[in-house]
Amino acid sequence: MRAFLFPGQGSQAVGMGAALNEASRTARDVFEEVNEALGQNLFRLMCAGPEDELKLTENAQPAIMANSFAVYRALTKEGGVDLKKAASFVAGHSLGEYSALCAAGSFTLATTANLLRLRGRAMQEAVPVGVGAMAALLGADIALAQRIADAAAQGEICTVANDNDPSQVVISGHKGAIDRAIEMAKEMGAKRAVLLPVSAPFHCPLMQPAAEAMRDALGSVVVEQPAVPVFANVTAQPETDPDTIRNQLVEQVTGMVRWRESVANMVDAGVREFVEIGGKVLGPMVKRIAPDAKVTSVVSIEDVEALAKEIA
C-alpha cells in the first residue's frame, strides 16, 4: 500500500517549479491556471522572487500548493498514474491538506488556490506582528513538549501546534510564552529549542479569527467526495465525507497538526511506501516515525518519470 503526501509551509524557495515548468506542458498549464485564478503572476514570484515576498503567508501557501499540484498533475497526465490505483490514502501537512484534497478531487485547482490565498491572509491578519511566535523543540516528544508549553504559559497561550515526529514538536502562542519555553526547554529535557522565522503563531487558539474566516469561505464552496480517503490533520484519521472534511479544515486553523499519528496510523492500515509530492520536507519526518517504510520524493520531471515507470 502507498500514500501520497503533500508538504506545508516552509518548503517554499525561490526557483520552485521553474525546471518543471520548462520540462512539462502539463505543469505550465497548472501554473497558468493558478495565476488566472488569483489574478496575479504567482509563478513569476515563485521563479524569481523576491524571497521576502514569496515568504509572505498569503503567497507561500498557494505557491507551495501550485508546485505540488503541478508535480501531481504531471504524474497523472504525462505519467499515466491513476490515483485510485496508485495510492490508498493522501495526506498533507497543514496547508498541504488542501493540496491533498485538490489531488483527490475534493476541490478544483482554482478553488484551492483561492482558499489558500484567503487562508494565508486571514492567518496573517489574525494576530498583530510581534504578538505571537512559534518554536521547534528538538529532541522532544509530544509529552515533553506539552509539559514545557504548560510550564511556559503563565496565563498566556502556549500550546503544541505540530506533532511532527518523535523528536520534533512545534509549539505556538504568545511571544512571551514562547520565549519562556525556549529558555526552559533544555533544562526540562529537550535537546534544543529554535525560534521559527514565521510571521504568525499558526495552529493555536490565537488563530480563531482566521478559523472564522475559513468557516465562511469553506461554507460557500463545493466539496466533493475525495477519490481516496484523506488523512485529516486534526484527527489523524482517514476521511471521505465532504461535510466532515469542511469542518475539519476549519478546526485545523487553530488545532494541532497530528502528523506523527497520521503517519503511524497509515502504517497500521498497511501503508509501506510514502511518496512526497513536490518537496523533500516530509520524507525525513516519515523515516523517523516509520524507519522501515519506503520514502520517495518527487520534485523533478525525472522523478515523475521514474515513479510512473515504477508504478506501471
# chains A, B, ... in the order shown; residues from 1 in each chain; ligands from 1
>>> residues_around(residues="Phe69 of chain A", least_positions_apart="6", cutoff="10 Å", atoms="only C-alpha atoms", output="JSON, numbers by chain")
{"A": [6, 27, 30, 31, 63, 75, 99, 100, 102, 103, 109, 277, 278]}
>>> write_last_selection(atoms="all heavy atoms", output="PDB file, in the first residue's frame")
ATOM      1  N   PHE A   6       1.743  15.620   0.795  1.00  0.00           N
ATOM      2  CA  PHE A   6       1.912  16.961   0.230  1.00  0.00           C
ATOM      3  C   PHE A   6       2.462  17.909   1.296  1.00  0.00           C
ATOM      4  O   PHE A   6       1.871  18.028   2.376  1.00  0.00           O
ATOM      5  CB  PHE A   6       0.574  17.476  -0.317  1.00  0.00           C
ATOM      6  CG  PHE A   6       0.062  16.651  -1.471  1.00  0.00           C
ATOM      7  CD1 PHE A   6      -0.627  15.458  -1.250  1.00  0.00           C
ATOM      8  CD2 PHE A   6       0.295  17.049  -2.782  1.00  0.00           C
ATOM      9  CE1 PHE A   6      -1.076  14.684  -2.310  1.00  0.00           C
ATOM     10  CE2 PHE A   6      -0.151  16.284  -3.856  1.00  0.00           C
ATOM     11  CZ  PHE A   6      -0.841  15.099  -3.616  1.00  0.00           C
ATOM     12  N   ALA A  27       2.546  20.900 -16.384  1.00  0.00           N
ATOM     13  CA  ALA A  27       2.907  21.770 -15.255  1.00  0.00           C
ATOM     14  C   ALA A  27       2.678  23.235 -15.617  1.00  0.00           C
ATOM     15  O   ALA A  27       2.158  24.013 -14.805  1.00  0.00           O
ATOM     16  CB  ALA A  27       4.360  21.541 -14.857  1.00  0.00           C
ATOM     17  N   VAL A  30      -0.860  24.153 -15.177  1.00  0.00           N
ATOM     18  CA  VAL A  30      -1.227  24.316 -13.761  1.00  0.00           C
ATOM     19  C   VAL A  30      -0.840  25.706 -13.268  1.00  0.00           C
ATOM     20  O   VAL A  30      -1.646  26.419 -12.650  1.00  0.00           O
ATOM     21  CB  VAL A  30      -0.565  23.233 -12.884  1.00  0.00           C
ATOM     22  CG1 VAL A  30      -0.713  23.568 -11.390  1.00  0.00           C
ATOM     23  CG2 VAL A  30      -1.164  21.864 -13.176  1.00  0.00           C
ATOM     24  N   PHE A  31       0.399  26.118 -13.557  1.00  0.00           N
ATOM     25  CA  PHE A  31       0.864  27.426 -13.080  1.00  0.00           C
ATOM     26  C   PHE A  31       0.043  28.556 -13.710  1.00  0.00           C
ATOM     27  O   PHE A  31      -0.292  29.542 -13.042  1.00  0.00           O
ATOM     28  CB  PHE A  31       2.354  27.603 -13.376  1.00  0.00           C
ATOM     29  CG  PHE A  31       3.239  26.637 -12.621  1.00  0.00           C
ATOM     30  CD1 PHE A  31       4.228  25.912 -13.274  1.00  0.00           C
ATOM     31  CD2 PHE A  31       3.069  26.461 -11.252  1.00  0.00           C
ATOM     32  CE1 PHE A  31       5.044  25.026 -12.579  1.00  0.00           C
ATOM     33  CE2 PHE A  31       3.881  25.563 -10.549  1.00  0.00           C
ATOM     34  CZ  PHE A  31       4.869  24.845 -11.205  1.00  0.00           C
ATOM     35  N   ALA A  63       1.523  29.113  -3.431  1.00  0.00           N
ATOM     36  CA  ALA A  63       2.706  28.753  -4.227  1.00  0.00           C
ATOM     37  C   ALA A  63       3.123  27.310  -3.971  1.00  0.00           C
ATOM     38  O   ALA A  63       3.416  26.549  -4.909  1.00  0.00           O
ATOM     39  CB  ALA A  63       3.861  29.697  -3.914  1.00  0.00           C
ATOM     40  N   LEU A  75       2.402  13.781 -13.046  1.00  0.00           N
ATOM     41  CA  LEU A  75       2.454  12.353 -12.742  1.00  0.00           C
ATOM     42  C   LEU A  75       1.225  11.626 -13.282  1.00  0.00           C
ATOM     43  O   LEU A  75       1.333  10.531 -13.854  1.00  0.00           O
ATOM     44  CB  LEU A  75       2.545  12.177 -11.218  1.00  0.00           C
ATOM     45  CG  LEU A  75       2.765  10.772 -10.660  1.00  0.00           C
ATOM     46  CD1 LEU A  75       4.103  10.201 -11.126  1.00  0.00           C
ATOM     47  CD2 LEU A  75       2.704  10.804  -9.138  1.00  0.00           C
ATOM     48  N   SER A  99      -3.730  20.720  -0.678  1.00  0.00           N
ATOM     49  CA  SER A  99      -3.133  20.124  -1.883  1.00  0.00           C
ATOM     50  C   SER A  99      -3.608  18.684  -2.043  1.00  0.00           C
ATOM     51  O   SER A  99      -3.943  18.242  -3.149  1.00  0.00           O
ATOM     52  CB  SER A  99      -1.601  20.150  -1.792  1.00  0.00           C
ATOM     53  OG  SER A  99      -1.116  21.435  -1.493  1.00  0.00           O
ATOM     54  N   ALA A 100      -3.640  17.955  -0.927  1.00  0.00           N
ATOM     55  CA  ALA A 100      -4.084  16.553  -0.957  1.00  0.00           C
ATOM     56  C   ALA A 100      -5.542  16.453  -1.391  1.00  0.00           C
ATOM     57  O   ALA A 100      -5.905  15.592  -2.200  1.00  0.00           O
ATOM     58  CB  ALA A 100      -3.893  15.922   0.427  1.00  0.00           C
ATOM     59  N   CYS A 102      -7.165  18.640  -3.196  1.00  0.00           N
ATOM     60  CA  CYS A 102      -7.233  19.018  -4.609  1.00  0.00           C
ATOM     61  C   CYS A 102      -6.847  17.822  -5.481  1.00  0.00           C
ATOM     62  O   CYS A 102      -7.524  17.510  -6.464  1.00  0.00           O
ATOM     63  CB  CYS A 102      -6.308  20.213  -4.858  1.00  0.00           C
ATOM     64  SG  CYS A 102      -6.420  20.908  -6.520  1.00  0.00           S
ATOM     65  N   ALA A 103      -5.773  17.139  -5.097  1.00  0.00           N
ATOM     66  CA  ALA A 103      -5.331  15.963  -5.851  1.00  0.00           C
ATOM     67  C   ALA A 103      -6.409  14.874  -5.862  1.00  0.00           C
ATOM     68  O   ALA A 103      -6.605  14.194  -6.868  1.00  0.00           O
ATOM     69  CB  ALA A 103      -4.040  15.416  -5.251  1.00  0.00           C
ATOM     70  N   LEU A 109      -8.731  23.162  -8.793  1.00  0.00           N
ATOM     71  CA  LEU A 109      -7.459  23.867  -8.606  1.00  0.00           C
ATOM     72  C   LEU A 109      -7.691  25.349  -8.305  1.00  0.00           C
ATOM     73  O   LEU A 109      -7.066  25.909  -7.393  1.00  0.00           O
ATOM     74  CB  LEU A 109      -6.592  23.709  -9.859  1.00  0.00           C
ATOM     75  CG  LEU A 109      -5.235  24.413  -9.857  1.00  0.00           C
ATOM     76  CD1 LEU A 109      -4.380  23.991  -8.664  1.00  0.00           C
ATOM     77  CD2 LEU A 109      -4.496  24.142 -11.167  1.00  0.00           C
ATOM     78  N   ILE A 277       5.008  14.517  -2.711  1.00  0.00           N
ATOM     79  CA  ILE A 277       4.780  15.156  -3.998  1.00  0.00           C
ATOM     80  C   ILE A 277       5.166  16.638  -3.928  1.00  0.00           C
ATOM     81  O   ILE A 277       4.509  17.420  -3.249  1.00  0.00           O
ATOM     82  CB  ILE A 277       3.298  15.037  -4.419  1.00  0.00           C
ATOM     83  CG1 ILE A 277       2.816  13.581  -4.381  1.00  0.00           C
ATOM     84  CG2 ILE A 277       3.062  15.676  -5.779  1.00  0.00           C
ATOM     85  CD1 ILE A 277       3.326  12.706  -5.482  1.00  0.00           C
ATOM     86  N   GLY A 278       6.260  17.001  -4.598  1.00  0.00           N
ATOM     87  CA  GLY A 278       6.637  18.412  -4.694  1.00  0.00           C
ATOM     88  C   GLY A 278       7.503  18.933  -3.569  1.00  0.00           C
ATOM     89  O   GLY A 278       7.583  20.152  -3.371  1.00  0.00           O
TER      90      GLY A 278
END
>>> closest_atom_pairs(of="segment 102-167 of chain A", to="segment 252-264 of chain A", cutoff="6 Å", atoms="only C-alpha atoms", output="CSV")
residue,atom,partner,partner_atom,distance
A:Ala161,CA,A:Met256,CA,4.6
A:Asn162,CA,A:Val257,CA,4.6
A:Asp163,CA,A:Arg258,CA,5.3
A:Asn164,CA,A:Trp259,CA,5.2
A:Asp165,CA,A:Arg260,CA,4.8
>>> write_last_selection(atoms="N, CA, C and O atoms", output="mmCIF file, in the first residue's frame")
data_model
loop_
_atom_site.group_PDB
_atom_site.id
_atom_site.type_symbol
_atom_site.label_atom_id
_atom_site.label_comp_id
_atom_site.auth_asym_id
_atom_site.auth_seq_id
_atom_site.Cartn_x
_atom_site.Cartn_y
_atom_site.Cartn_z
ATOM 1 N N ALA A 161 1.588 22.890 18.481
ATOM 2 C CA ALA A 161 0.994 23.217 17.178
ATOM 3 C C ALA A 161 1.170 22.085 16.175
ATOM 4 O O ALA A 161 0.236 21.746 15.447
ATOM 5 N N ASN A 162 2.376 21.520 16.108
ATOM 6 C CA ASN A 162 2.676 20.444 15.159
ATOM 7 C C ASN A 162 3.389 19.315 15.891
ATOM 8 O O ASN A 162 4.506 19.516 16.386
ATOM 9 N N ASP A 163 2.767 18.151 15.946
ATOM 10 C CA ASP A 163 3.441 16.948 16.437
ATOM 11 C C ASP A 163 4.022 16.275 15.194
ATOM 12 O O ASP A 163 3.373 15.448 14.561
ATOM 13 N N ASN A 164 5.242 16.673 14.838
ATOM 14 C CA ASN A 164 5.809 16.284 13.540
ATOM 15 C C ASN A 164 6.351 14.866 13.505
ATOM 16 O O ASN A 164 6.084 14.109 12.577
ATOM 17 N N ASP A 165 7.166 14.509 14.505
ATOM 18 C CA ASP A 165 7.739 13.172 14.571
ATOM 19 C C ASP A 165 8.217 12.947 16.006
ATOM 20 O O ASP A 165 8.067 13.851 16.843
#
>>> closest_residue(among="A:Ala190, A:Pro226, A:Val14, A:Ala136", to="Lys84 of chain A", atoms="only C-alpha atoms")
A:Pro226
>>> select_by_dssp(residues="segment 9-167 of chain A", states="strand (DSSP E)", output="list in words")
Phe89, Val90, Ala91, Gly92, Gly132, Ala133, Met134, Ala135, Ala136, Leu137, Leu138, Cys158, Thr159, Val160, Ala161, Asn162, Asp163, Asn164 and Asp165 of chain A
>>> write_last_selection(atoms="C-alpha atoms", output="short mmCIF file (atom, residue, chain, number, x, y, z; two decimals), in the first residue's frame")
data_model
loop_
_atom_site.label_atom_id
_atom_site.label_comp_id
_atom_site.auth_asym_id
_atom_site.auth_seq_id
_atom_site.Cartn_x
_atom_site.Cartn_y
_atom_site.Cartn_z
CA PHE A 89 -4.54 7.43 1.03
CA VAL A 90 -3.45 11.04 0.59
CA ALA A 91 -2.38 13.44 3.34
CA GLY A 92 -0.84 16.87 3.63
CA GLY A 132 2.77 35.65 18.61
CA ALA A 133 5.60 33.26 17.83
CA MET A 134 6.43 29.61 17.17
CA ALA A 135 9.38 27.44 18.20
CA ALA A 136 10.61 23.97 17.30
CA LEU A 137 11.53 21.73 20.22
CA LEU A 138 14.16 19.26 19.03
CA CYS A 158 1.40 28.31 24.66
CA THR A 159 0.41 25.04 23.08
CA VAL A 160 1.61 22.23 20.81
CA ALA A 161 0.99 23.22 17.18
CA ASN A 162 2.68 20.44 15.16
CA ASP A 163 3.44 16.95 16.44
CA ASN A 164 5.81 16.28 13.54
CA ASP A 165 7.74 13.17 14.57
#
>>> closest_atom_pairs(of="segment 24-135 of chain A", to="segment 200-203 of chain A", cutoff="12 Å", atoms="only C-alpha atoms", output="JSON lines")
{"residue": "A:Leu56", "atom": "CA", "partner": "A:Ala200", "partner_atom": "CA", "distance": 10.5}
{"residue": "A:Thr57", "atom": "CA", "partner": "A:Ala200", "partner_atom": "CA", "distance": 8.9}
{"residue": "A:Glu58", "atom": "CA", "partner": "A:Ala200", "partner_atom": "CA", "distance": 11.8}
{"residue": "A:His93", "atom": "CA", "partner": "A:His203", "partner_atom": "CA", "distance": 11.7}
{"residue": "A:Ser94", "atom": "CA", "partner": "A:His203", "partner_atom": "CA", "distance": 8.7}
{"residue": "A:Leu95", "atom": "CA", "partner": "A:Phe202", "partner_atom": "CA", "distance": 11.0}
{"residue": "A:Arg119", "atom": "CA", "partner": "A:Phe202", "partner_atom": "CA", "distance": 11.1}
{"residue": "A:Gly120", "atom": "CA", "partner": "A:Ala200", "partner_atom": "CA", "distance": 10.1}
{"residue": "A:Arg121", "atom": "CA", "partner": "A:Ala200", "partner_atom": "CA", "distance": 10.7}
{"residue": "A:Ala122", "atom": "CA", "partner": "A:Ala200", "partner_atom": "CA", "distance": 10.4}
{"residue": "A:Met123", "atom": "CA", "partner": "A:Ala200", "partner_atom": "CA", "distance": 7.1}
{"residue": "A:Gln124", "atom": "CA", "partner": "A:Ala200", "partner_atom": "CA", "distance": 5.9}
{"residue": "A:Glu125", "atom": "CA", "partner": "A:Ala200", "partner_atom": "CA", "distance": 8.5}
{"residue": "A:Ala126", "atom": "CA", "partner": "A:Ala200", "partner_atom": "CA", "distance": 8.2}
{"residue": "A:Val127", "atom": "CA", "partner": "A:Ala200", "partner_atom": "CA", "distance": 6.6}
{"residue": "A:Pro128", "atom": "CA", "partner": "A:Ala200", "partner_atom": "CA", "distance": 8.0}
{"residue": "A:Val129", "atom": "CA", "partner": "A:Ala200", "partner_atom": "CA", "distance": 6.7}
{"residue": "A:Gly130", "atom": "CA", "partner": "A:Ala200", "partner_atom": "CA", "distance": 8.0}
{"residue": "A:Val131", "atom": "CA", "partner": "A:Ala200", "partner_atom": "CA", "distance": 8.1}
{"residue": "A:Gly132", "atom": "CA", "partner": "A:Pro201", "partner_atom": "CA", "distance": 5.0}
{"residue": "A:Ala133", "atom": "CA", "partner": "A:Pro201", "partner_atom": "CA", "distance": 4.9}
{"residue": "A:Met134", "atom": "CA", "partner": "A:Pro201", "partner_atom": "CA", "distance": 5.6}
{"residue": "A:Ala135", "atom": "CA", "partner": "A:Pro201", "partner_atom": "CA", "distance": 9.4}
>>> closest_residue(among="A:Val281, A:Met207, A:Ala269, A:Met1", to="Ser88 of chain A", atoms="only C-alpha atoms")
A:Met1
>>> atom_distance(atom1="atom CA of Leu38 of chain A", atom2="atom CA of Met65 of chain A")
13.0 Å
>>> select_by_dssp(residues="segment 54-289 of chain A", states="alpha helix (DSSP H)", output="VMD selection string")
chain A and resid 54 to 55 57 to 73 83 to 86 96 to 103 109 to 126 142 to 153 175 to 185 208 to 219 242 to 254 259 to 268 282 to 289
>>> residues_around(residues="Glu273 of chain A", least_positions_apart="5", cutoff="6 Å", atoms="only C-alpha atoms", output="PyMOL selection string")
chain A and resi 2+293-295
>>> write_last_selection(atoms="N, CA, C and O atoms", output="PDB file, in the first residue's frame")
ATOM      1  N   ARG A   2       0.366   2.297  -0.636  1.00  0.00           N
ATOM      2  CA  ARG A   2       1.138   3.531  -0.838  1.00  0.00           C
ATOM      3  C   ARG A   2       0.280   4.728  -0.440  1.00  0.00           C
ATOM      4  O   ARG A   2      -0.936   4.725  -0.601  1.00  0.00           O
ATOM      5  N   ALA A 293       9.654   2.066   6.467  1.00  0.00           N
ATOM      6  CA  ALA A 293       8.865   2.446   5.293  1.00  0.00           C
ATOM      7  C   ALA A 293       9.770   2.920   4.157  1.00  0.00           C
ATOM      8  O   ALA A 293      10.841   3.485   4.390  1.00  0.00           O
ATOM      9  N   LYS A 294       9.301   2.708   2.942  1.00  0.00           N
ATOM     10  CA  LYS A 294      10.000   3.249   1.774  1.00  0.00           C
ATOM     11  C   LYS A 294       9.518   4.685   1.566  1.00  0.00           C
ATOM     12  O   LYS A 294       8.310   4.947   1.600  1.00  0.00           O
ATOM     13  N   VAL A 295      10.434   5.622   1.377  1.00  0.00           N
ATOM     14  CA  VAL A 295      10.081   7.037   1.202  1.00  0.00           C
ATOM     15  C   VAL A 295      10.680   7.543  -0.104  1.00  0.00           C
ATOM     16  O   VAL A 295      11.876   7.371  -0.362  1.00  0.00           O
TER      17      VAL A 295
END
>>> residues_around(residues="segment 180-187 of chain A", least_positions_apart="4", cutoff="7 Å", atoms="only C-alpha atoms", output="list in words")
Ile148, Ala149, Ala152, Gly176, Lys191, Arg192 and Ala193 of chain A
>>> atom_distance(atom1="atom CA of Val194 of chain A", atom2="atom CA of Gln168 of chain A")
10.8 Å
>>> atom_distance(atom1="atom CA of Ser172 of chain A", atom2="atom CA of Cys204 of chain A")
6.1 Å
>>> closest_residue(among="A:Ala18, A:Asp141, A:Leu196, A:Leu118", to="Val169 of chain A", atoms="only C-alpha atoms")
A:Asp141
>>> residues_around(residues="Arg288 of chain A", least_positions_apart="5", cutoff="9 Å", atoms="only C-alpha atoms", output="VMD selection string")
chain A and resid 165 to 167 283
>>> closest_residue(among="A:Met46, A:Leu115, A:Ala70, A:Ala3", to="Ile301 of chain A", atoms="only C-alpha atoms")
A:Ala70
